[in-house]
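What's in run37.tsv: TSV, C-alpha atoms
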```
chain	number	residue	atom	x	y	z
C	1	SER	CA	-16.30	-19.78	-7.20
C	2	ALA	CA	-16.04	-16.69	-9.40
C	3	PRO	CA	-12.96	-15.50	-11.33
C	4	MET	CA	-10.69	-13.02	-9.58
C	5	LEU	CA	-8.91	-10.09	-11.25
C	6	VAL	CA	-5.53	-9.17	-9.76
C	7	GLY	CA	-3.50	-6.11	-10.70
C	8	THR	CA	0.07	-5.44	-9.53
C	9	GLU	CA	2.14	-2.33	-10.04
C	10	ASP	CA	5.95	-2.31	-9.85
C	11	ARG	CA	6.77	1.30	-8.92
C	12	PHE	CA	5.16	1.35	-5.47
C	13	GLY	CA	4.37	-2.35	-5.08
C	14	SER	CA	0.63	-1.72	-4.90
C	15	LEU	CA	-1.96	-4.48	-5.40
C	16	MET	CA	-5.57	-4.42	-6.56
C	17	THR	CA	-7.96	-7.35	-6.63
C	18	THR	CA	-11.66	-7.91	-7.07
C	19	ILE	CA	-14.12	-10.66	-7.89
C	20	VAL	CA	-15.54	-10.46	-11.43
C	21	PRO	CA	-18.81	-12.09	-12.54
C	22	ASN	CA	-17.26	-14.16	-15.35
C	23	LYS	CA	-14.48	-14.41	-17.88
C	24	GLY	CA	-15.19	-12.98	-21.30
C	25	PRO	CA	-16.63	-9.63	-22.45
C	26	ALA	CA	-15.84	-7.32	-19.55
C	27	GLN	CA	-18.48	-5.14	-17.98
C	28	PRO	CA	-17.49	-1.44	-18.10
C	29	TRP	CA	-17.36	-1.11	-14.28
C	30	ILE	CA	-14.37	-3.49	-14.13
C	31	ALA	CA	-12.24	-1.22	-16.35
C	32	LYS	CA	-13.40	1.84	-14.38
C	33	LEU	CA	-12.34	0.14	-11.13
C	34	CYS	CA	-8.86	-0.49	-12.57
C	35	SER	CA	-8.68	3.06	-13.94
C	36	ARG	CA	-9.51	4.54	-10.51
C	37	TRP	CA	-6.82	2.35	-8.92
C	38	VAL	CA	-4.23	3.73	-11.37
C	39	ASP	CA	-5.45	7.30	-10.76
C	40	ASN	CA	-5.09	6.82	-6.97
C	41	LEU	CA	-1.45	5.87	-7.52
C	42	GLY	CA	-0.84	9.28	-9.08
C	43	ILE	CA	0.64	7.73	-12.21
C	44	ASN	CA	-0.20	9.49	-15.45
C	45	ARG	CA	1.29	7.29	-18.19
C	46	ILE	CA	1.33	3.50	-17.71
C	47	VAL	CA	2.60	0.45	-19.54
C	48	LEU	CA	-0.11	-2.17	-19.16
C	49	LYS	CA	1.37	-5.67	-19.37
C	50	THR	CA	-0.91	-8.68	-19.70
C	51	ASP	CA	-0.82	-12.25	-20.92
C	52	GLN	CA	-2.65	-12.89	-24.18
C	53	GLU	CA	-5.62	-14.62	-22.57
C	54	PRO	CA	-8.74	-13.69	-24.58
C	55	ALA	CA	-10.76	-12.96	-21.42
C	56	ILE	CA	-8.44	-10.10	-20.38
C	57	GLU	CA	-8.36	-8.46	-23.83
C	58	PHE	CA	-11.90	-7.07	-23.42
C	59	MET	CA	-11.00	-5.48	-20.09
C	60	VAL	CA	-7.76	-4.02	-21.51
C	61	LYS	CA	-9.63	-2.39	-24.40
C	62	ASN	CA	-12.18	-0.88	-22.00
C	63	LEU	CA	-9.39	0.39	-19.73
C	64	VAL	CA	-7.50	2.03	-22.63
C	65	ASP	CA	-10.74	3.69	-23.77
C	66	ASP	CA	-11.49	4.89	-20.21
C	67	ARG	CA	-8.09	6.61	-19.74
C	68	PRO	CA	-6.83	9.78	-21.51
C	69	GLU	CA	-5.63	9.15	-25.05
C	70	GLY	CA	-1.98	8.15	-25.33
C	71	LYS	CA	-1.55	7.55	-21.59
C	72	THR	CA	-1.82	3.74	-21.72
C	73	VAL	CA	0.65	1.57	-23.61
C	74	VAL	CA	-0.34	-2.09	-23.94
C	75	GLU	CA	2.38	-4.73	-23.86
C	76	GLU	CA	1.70	-8.45	-24.16
C	77	SER	CA	3.89	-11.19	-22.76
C	78	PRO	CA	4.55	-14.23	-24.98
C	79	LYS	CA	1.92	-16.96	-24.84
C	80	ASP	CA	2.48	-19.65	-22.18
C	81	SER	CA	5.42	-17.66	-20.76
C	82	LYS	CA	5.07	-17.45	-16.98
C	83	GLY	CA	8.57	-16.04	-16.47
C	84	SER	CA	8.01	-12.85	-18.49
C	85	ASN	CA	5.07	-11.97	-16.24
C	86	GLY	CA	6.89	-12.76	-13.00
C	87	VAL	CA	5.82	-9.66	-11.04
C	88	VAL	CA	2.15	-10.40	-11.74
C	89	GLU	CA	2.49	-14.13	-11.01
C	90	ARG	CA	4.12	-13.39	-7.63
C	91	GLY	CA	1.42	-10.85	-6.83
C	92	VAL	CA	-1.32	-13.35	-7.65
C	93	GLN	CA	0.29	-16.02	-5.45
C	94	GLU	CA	0.67	-13.60	-2.52
C	95	VAL	CA	-2.94	-12.40	-2.80
C	96	GLU	CA	-4.23	-15.98	-3.03
C	97	GLY	CA	-2.26	-16.90	0.11
C	98	GLN	CA	-3.64	-13.89	1.99
C	99	ILE	CA	-7.22	-14.65	0.93
C	100	ARG	CA	-6.83	-18.31	1.89
C	101	ALA	CA	-5.56	-17.38	5.37
C	102	MET	CA	-8.39	-14.88	5.90
C	103	PHE	CA	-11.01	-17.33	4.63
C	104	LEU	CA	-9.79	-20.06	7.00
C	105	ALA	CA	-9.75	-17.61	9.93
C	106	PHE	CA	-13.28	-16.48	9.03
C	107	GLN	CA	-14.53	-20.07	9.07
C	108	GLU	CA	-12.76	-20.78	12.36
C	109	ASN	CA	-14.32	-17.72	14.00
C	110	LEU	CA	-17.77	-18.76	12.83
C	111	GLY	CA	-17.20	-22.36	13.85
C	112	ARG	CA	-18.49	-23.76	10.57
C	113	LYS	CA	-17.59	-24.28	6.92
C	114	ILE	CA	-18.45	-21.46	4.52
C	115	ASP	CA	-19.47	-22.01	0.92
C	116	ALA	CA	-17.18	-19.91	-1.30
C	117	ARG	CA	-20.29	-18.81	-3.23
C	118	GLU	CA	-21.79	-16.99	-0.23
C	119	ARG	CA	-22.06	-13.29	-0.95
C	120	ILE	CA	-19.81	-12.07	1.86
C	121	VAL	CA	-16.88	-14.06	0.44
C	122	ALA	CA	-16.87	-11.75	-2.62
C	123	PHE	CA	-15.66	-8.93	-0.32
C	124	LEU	CA	-12.60	-10.90	0.84
C	125	PRO	CA	-10.22	-10.23	-2.10
C	126	GLU	CA	-10.53	-6.43	-1.95
C	127	TYR	CA	-9.92	-6.38	1.80
C	128	ALA	CA	-6.94	-8.71	1.37
C	129	ALA	CA	-5.36	-6.27	-1.10
C	130	TYR	CA	-6.21	-3.35	1.22
C	131	LEU	CA	-4.33	-5.02	4.09
C	132	MET	CA	-1.35	-6.02	1.95
C	133	ASN	CA	-0.95	-2.45	0.64
C	134	ARG	CA	-0.82	-1.23	4.24
C	135	LEU	CA	1.02	-4.00	6.09
C	136	LYS	CA	3.35	-5.84	3.66
C	137	ARG	CA	6.81	-4.28	3.94
C	138	GLY	CA	9.27	-4.32	1.09
C	139	GLU	CA	13.08	-4.41	1.14
C	140	ASP	CA	13.12	-0.66	1.85
C	141	GLY	CA	11.12	-1.23	5.06
C	142	LYS	CA	8.10	0.62	3.67
C	143	VAL	CA	4.62	-0.52	2.68
C	144	ALA	CA	3.00	0.40	-0.66
C	145	PHE	CA	0.67	2.96	0.96
C	146	GLU	CA	3.69	4.74	2.47
C	147	ARG	CA	5.52	4.90	-0.87
C	148	ILE	CA	2.44	6.33	-2.60
C	149	ARG	CA	1.24	8.81	0.05
C	150	GLY	CA	4.49	9.57	1.89
C	151	LYS	CA	3.00	8.76	5.28
C	152	SER	CA	2.38	5.70	7.43
C	153	PRO	CA	-1.04	4.07	7.13
C	154	SER	CA	-3.48	3.41	9.93
C	155	VAL	CA	-5.25	0.06	9.99
C	156	LEU	CA	-8.14	-0.90	12.28
C	157	GLY	CA	-7.61	-4.05	14.30
C	158	LEU	CA	-10.67	-5.77	12.85
C	159	GLU	CA	-10.78	-9.22	11.33
C	160	PHE	CA	-12.85	-9.83	8.22
C	161	GLY	CA	-16.30	-11.06	9.25
C	162	GLU	CA	-15.96	-9.80	12.84
C	163	LYS	CA	-19.20	-8.79	14.56
C	164	VAL	CA	-19.30	-5.07	15.32
C	165	LEU	CA	-21.67	-2.36	16.49
C	166	PHE	CA	-22.03	0.61	14.15
C	167	TRP	CA	-23.38	4.08	14.86
C	168	LEU	CA	-26.64	5.00	13.17
C	169	PRO	CA	-27.07	8.48	11.67
C	170	LYS	CA	-29.02	10.82	13.89
C	171	GLY	CA	-32.76	10.74	13.21
C	172	PRO	CA	-35.57	13.09	14.30
C	173	LYS	CA	-35.42	14.37	17.89
C	174	MET	CA	-38.37	12.17	18.88
C	175	ASN	CA	-36.18	9.10	18.14
C	176	LYS	CA	-33.67	9.83	20.93
C	177	ILE	CA	-35.00	6.96	23.00
C	178	ASN	CA	-34.26	4.43	20.22
C	179	PRO	CA	-30.85	2.70	20.13
C	180	HIS	CA	-28.08	4.54	18.29
C	181	TRP	CA	-26.05	1.39	17.62
C	182	LYS	CA	-26.84	-1.69	15.57
C	183	PRO	CA	-24.96	-4.98	15.13
C	184	GLY	CA	-23.38	-5.87	11.81
C	185	VAL	CA	-20.54	-7.82	10.23
C	186	PHE	CA	-17.33	-6.11	9.14
C	187	ALA	CA	-16.85	-6.71	5.38
C	188	GLY	CA	-13.93	-4.46	4.46
C	189	VAL	CA	-12.98	-0.88	3.68
C	190	LYS	CA	-13.77	1.26	0.63
C	191	ARG	CA	-10.46	1.94	-1.08
C	192	ARG	CA	-11.07	5.58	-2.04
C	193	SER	CA	-12.98	6.97	0.95
C	194	GLY	CA	-11.75	4.76	3.79
C	195	GLU	CA	-15.37	4.11	4.85
C	196	LEU	CA	-16.02	0.81	6.58
C	197	MET	CA	-18.40	-1.65	4.94
C	198	ILE	CA	-20.81	-3.31	7.36
C	199	ALA	CA	-22.99	-6.21	6.22
C	200	ARG	CA	-26.55	-6.38	7.52
C	201	PRO	CA	-29.50	-8.62	6.63
C	202	GLU	CA	-31.02	-5.71	4.70
C	203	GLY	CA	-27.81	-5.05	2.74
```
Please rewrite the model in this file as structure tokens.
Amino acid sequence: SAPMLVGTEDRFGSLMTTIVPNKGPAQPWIAKLCSRWVDNLGINRIVLKTDQEPAIEFMVKNLVDDRPEGKTVVEESPKDSKGSNGVVERGVQEVEGQIRAMFLAFQENLGRKIDARERIVAFLPEYAAYLMNRLKRGEDGKVAFERIRGKSPSVLGLEFGEKVLFWLPKGPKMNKINPHWKPGVFAGVKRRSGELMIARPEG
């Protein structure tokens, strides 16, 4: 299995998670992904709190460089101190529980065991965070999406890995006789655009 990066934010209660190729020198796209998540929250200046694990330091540096100067303050929790990073630790545990439940449901629906290294499994964490941001209510009765956008979210009633039919873009007029729908597997939702991701043998 690959390492997973989890980000939590304590103003709105938003979560972000993604699979990363490895621990160590971060690839620039990882920091850009985190930077876009922060931008979508509408927060200008942030205090970025991390543990002092060497693997995360590369990503933090890339993230600071990617954001406007002076808008990111880095704060490190003491080494081996789980309590000082409680918000993050709780967020990680909740995301792991959600992913585990979705992974088990996915296997049950398929009727077979799935190797965690199969490519489609890499899409699970992001969809788990997407659902939690839209369905997990806080003490105020609101979900993170509602606190950020000021409106209730809409969520499709699709399970991860569910077989679906998707509409093909219109082709030349001569192709009207060809089918307009194709089967695929639902693999999540793009965070920024809301577009559905459908897995097919060709990609």
How many Å lie between atom CA of Phe145 of chain C and atom CA of Glu126 of chain C, rounded to one decimal? 14.9 Å
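Nearest to Trp29 of chain C of all the residues C:Met16, C:Met59, C:Met132, C:Leu48 is C:Met59, based on all atoms listed in the file.
If you measure from each of C:Lys151, C:Arg90, C:Arg137, C:Arg200 to Glu9 of chain C using all atoms listed in the file, the closest one turns out to be C:Arg90.
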Shell around Glu139 of chain C at 12 Å using only C-alpha atoms, local window under 4 positions removed, as a ChimeraX atom specification: /C:12-13,143-144
At a cut-off of 12 Å, using only C-alpha atoms, what residues contact Arg36 of chain C? Leave out same-chain residues fewer than 5 positions from it and give the result as a PyMOL selection string. chain C and resi 16+29-31+41-44+63+66-67+191-192
Two-atom distance - atom CA of Arg45 of chain C, atom CA of Glu195 of chain C (Å):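 One can read the atom CA of Arg45 of chain C to atom CA of Glu195 of chain C distance as 28.6 Å.
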Rounded to one decimal in Å, what is the spacing between atom CA of Leu165 of chain C and atom CA of Trp181 of chain C? 5.9 Å
Polymer residues at most 12 Å from segment 91-93 of chain C, only C-alpha atoms, same-chain spacing of 3 or more positions, as a VMD selection string: chain C and resid 4 to 10 13 to 18 85 to 88 96 to 100 125 128 to 129 132 to 133 136
Hey, which of C:Glu159, C:Phe106, C:Lys23, C:Ser35 ends up closest to Pro54 of chain C? Count only C-alpha atoms. C:Lys23
Excluding Phe103 of chain C and residues on its chain fewer than 5 positions from it, collect all residues at most 12 Å away from it, counting all atoms listed in the file, and give them as a PDB file with C-alpha atoms, in the frame of the given file.
```pdb
ATOM      1  CA  GLU C  96      -4.230 -15.980  -3.030  1.00  0.00           C
ATOM      2  CA  GLY C  97      -2.260 -16.900   0.110  1.00  0.00           C
ATOM      3  CA  GLN C  98      -3.640 -13.890   1.990  1.00  0.00           C
ATOM      4  CA  GLU C 108     -12.760 -20.780  12.360  1.00  0.00           C
ATOM      5  CA  ASN C 109     -14.320 -17.720  14.000  1.00  0.00           C
ATOM      6  CA  LEU C 110     -17.770 -18.760  12.830  1.00  0.00           C
ATOM      7  CA  ARG C 112     -18.490 -23.760  10.570  1.00  0.00           C
ATOM      8  CA  LYS C 113     -17.590 -24.280   6.920  1.00  0.00           C
ATOM      9  CA  ILE C 114     -18.450 -21.460   4.520  1.00  0.00           C
ATOM     10  CA  ASP C 115     -19.470 -22.010   0.920  1.00  0.00           C
ATOM     11  CA  ALA C 116     -17.180 -19.910  -1.300  1.00  0.00           C
ATOM     12  CA  GLU C 118     -21.790 -16.990  -0.230  1.00  0.00           C
ATOM     13  CA  ILE C 120     -19.810 -12.070   1.860  1.00  0.00           C
ATOM     14  CA  VAL C 121     -16.880 -14.060   0.440  1.00  0.00           C
ATOM     15  CA  ALA C 122     -16.870 -11.750  -2.620  1.00  0.00           C
ATOM     16  CA  PHE C 123     -15.660  -8.930  -0.320  1.00  0.00           C
ATOM     17  CA  LEU C 124     -12.600 -10.900   0.840  1.00  0.00           C
ATOM     18  CA  PRO C 125     -10.220 -10.230  -2.100  1.00  0.00           C
ATOM     19  CA  TYR C 127      -9.920  -6.380   1.800  1.00  0.00           C
ATOM     20  CA  ALA C 128      -6.940  -8.710   1.370  1.00  0.00           C
ATOM     21  CA  GLU C 159     -10.780  -9.220  11.330  1.00  0.00           C
ATOM     22  CA  PHE C 160     -12.850  -9.830   8.220  1.00  0.00           C
ATOM     23  CA  GLY C 161     -16.300 -11.060   9.250  1.00  0.00           C
TER      24      GLY C 161
END
```
With only C-alpha atoms as the basis for distance, which of C:Glu146, C:Ala187, C:Val47, C:Glu162 is at the shortest distance from Gln107 of chain C?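 Answer, going by the shortest atom-to-atom distance: C:Glu162.
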Step by step: start from the point (-11.8, -8.4, -24.5) in the file's coordinates, keep every protein, DNA or RNA residue that has an atom no farther than 10 Å from it, count all atoms listed in the file, and write the set as a ChimeraX atom specification. /C:23-27,53-62
Compare C:Val185, C:Leu196, C:Met102, C:Val64 by their minimum atom-to-atom distance to Val164 of chain C, counting all atoms listed in the file, and give me the closest one.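 Among the listed residues, the smallest separation from Val164 of chain C belongs to C:Val185.
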With distances taken over all atoms listed in the file, which residue among C:Gly157, C:Arg11, C:Ser77, C:Gly184 lies nearest Gly138 of chain C? C:Arg11
To test the calculation: enclose all listed atoms of segment 95-114 of chain C in a box whose edges run along x, y and z, add 3 Å on each side, then state centre and edge lengths in Å to one decimal, as JSON.
```
{"center_x": -10.4, "center_y": -18.3, "center_z": 5.5, "size_x": 22.2, "size_y": 17.9, "size_z": 23.0}
```
Residue completion, segment 3-17 of chain C, N, CA, C and O atoms, as a JSON list (two decimals), keeping the file's coordinate frame:
```json
[["chain", "number", "residue", "atom", "x", "y", "z"],
["C", 3, "PRO", "N", -14.32, -15.91, -10.97],
["C", 3, "PRO", "CA", -12.96, -15.50, -11.33],
["C", 3, "PRO", "C", -12.54, -14.28, -10.52],
["C", 3, "PRO", "O", -13.36, -13.47, -10.10],
["C", 4, "MET", "N", -11.23, -14.14, -10.33],
["C", 4, "MET", "CA", -10.69, -13.02, -9.58],
["C", 4, "MET", "C", -9.70, -12.26, -10.47],
["C", 4, "MET", "O", -8.86, -12.86, -11.13],
["C", 5, "LEU", "N", -9.82, -10.94, -10.50],
["C", 5, "LEU", "CA", -8.91, -10.09, -11.25],
["C", 5, "LEU", "C", -7.88, -9.52, -10.29],
["C", 5, "LEU", "O", -8.25, -8.93, -9.26],
["C", 6, "VAL", "N", -6.60, -9.69, -10.60],
["C", 6, "VAL", "CA", -5.53, -9.17, -9.76],
["C", 6, "VAL", "C", -4.66, -8.23, -10.59],
["C", 6, "VAL", "O", -4.26, -8.57, -11.70],
["C", 7, "GLY", "N", -4.41, -7.06, -10.05],
["C", 7, "GLY", "CA", -3.50, -6.11, -10.70],
["C", 7, "GLY", "C", -2.33, -5.82, -9.78],
["C", 7, "GLY", "O", -2.51, -5.67, -8.57],
["C", 8, "THR", "N", -1.11, -5.81, -10.32],
["C", 8, "THR", "CA", 0.07, -5.44, -9.53],
["C", 8, "THR", "C", 0.77, -4.30, -10.25],
["C", 8, "THR", "O", 0.68, -4.16, -11.47],
["C", 9, "GLU", "N", 1.48, -3.52, -9.49],
["C", 9, "GLU", "CA", 2.14, -2.33, -10.04],
["C", 9, "GLU", "C", 3.55, -2.31, -9.47],
["C", 9, "GLU", "O", 3.73, -2.55, -8.28],
["C", 10, "ASP", "N", 4.57, -2.10, -10.31],
["C", 10, "ASP", "CA", 5.95, -2.31, -9.85],
["C", 10, "ASP", "C", 6.71, -1.06, -9.41],
["C", 10, "ASP", "O", 7.86, -1.16, -9.02],
["C", 11, "ARG", "N", 6.08, 0.10, -9.42],
["C", 11, "ARG", "CA", 6.77, 1.30, -8.92],
["C", 11, "ARG", "C", 6.64, 1.42, -7.40],
["C", 11, "ARG", "O", 7.61, 1.66, -6.70],
["C", 12, "PHE", "N", 5.42, 1.25, -6.91],
["C", 12, "PHE", "CA", 5.16, 1.35, -5.47],
["C", 12, "PHE", "C", 4.92, -0.01, -4.81],
["C", 12, "PHE", "O", 4.91, -0.11, -3.59],
["C", 13, "GLY", "N", 4.67, -1.03, -5.63],
["C", 13, "GLY", "CA", 4.37, -2.35, -5.08],
["C", 13, "GLY", "C", 2.92, -2.48, -4.65],
["C", 13, "GLY", "O", 2.59, -3.30, -3.79],
["C", 14, "SER", "N", 2.04, -1.70, -5.27],
["C", 14, "SER", "CA", 0.63, -1.72, -4.90],
["C", 14, "SER", "C", -0.10, -2.89, -5.57],
["C", 14, "SER", "O", 0.26, -3.32, -6.67],
["C", 15, "LEU", "N", -1.14, -3.38, -4.90],
["C", 15, "LEU", "CA", -1.96, -4.48, -5.40],
["C", 15, "LEU", "C", -3.42, -4.05, -5.49],
["C", 15, "LEU", "O", -3.88, -3.22, -4.71],
["C", 16, "MET", "N", -4.13, -4.62, -6.45],
["C", 16, "MET", "CA", -5.57, -4.42, -6.56],
["C", 16, "MET", "C", -6.18, -5.77, -6.89],
["C", 16, "MET", "O", -5.64, -6.51, -7.72],
["C", 17, "THR", "N", -7.27, -6.11, -6.28],
["C", 17, "THR", "CA", -7.96, -7.35, -6.63],
["C", 17, "THR", "C", -9.45, -7.23, -6.38],
["C", 17, "THR", "O", -9.88, -6.50, -5.49]]
```
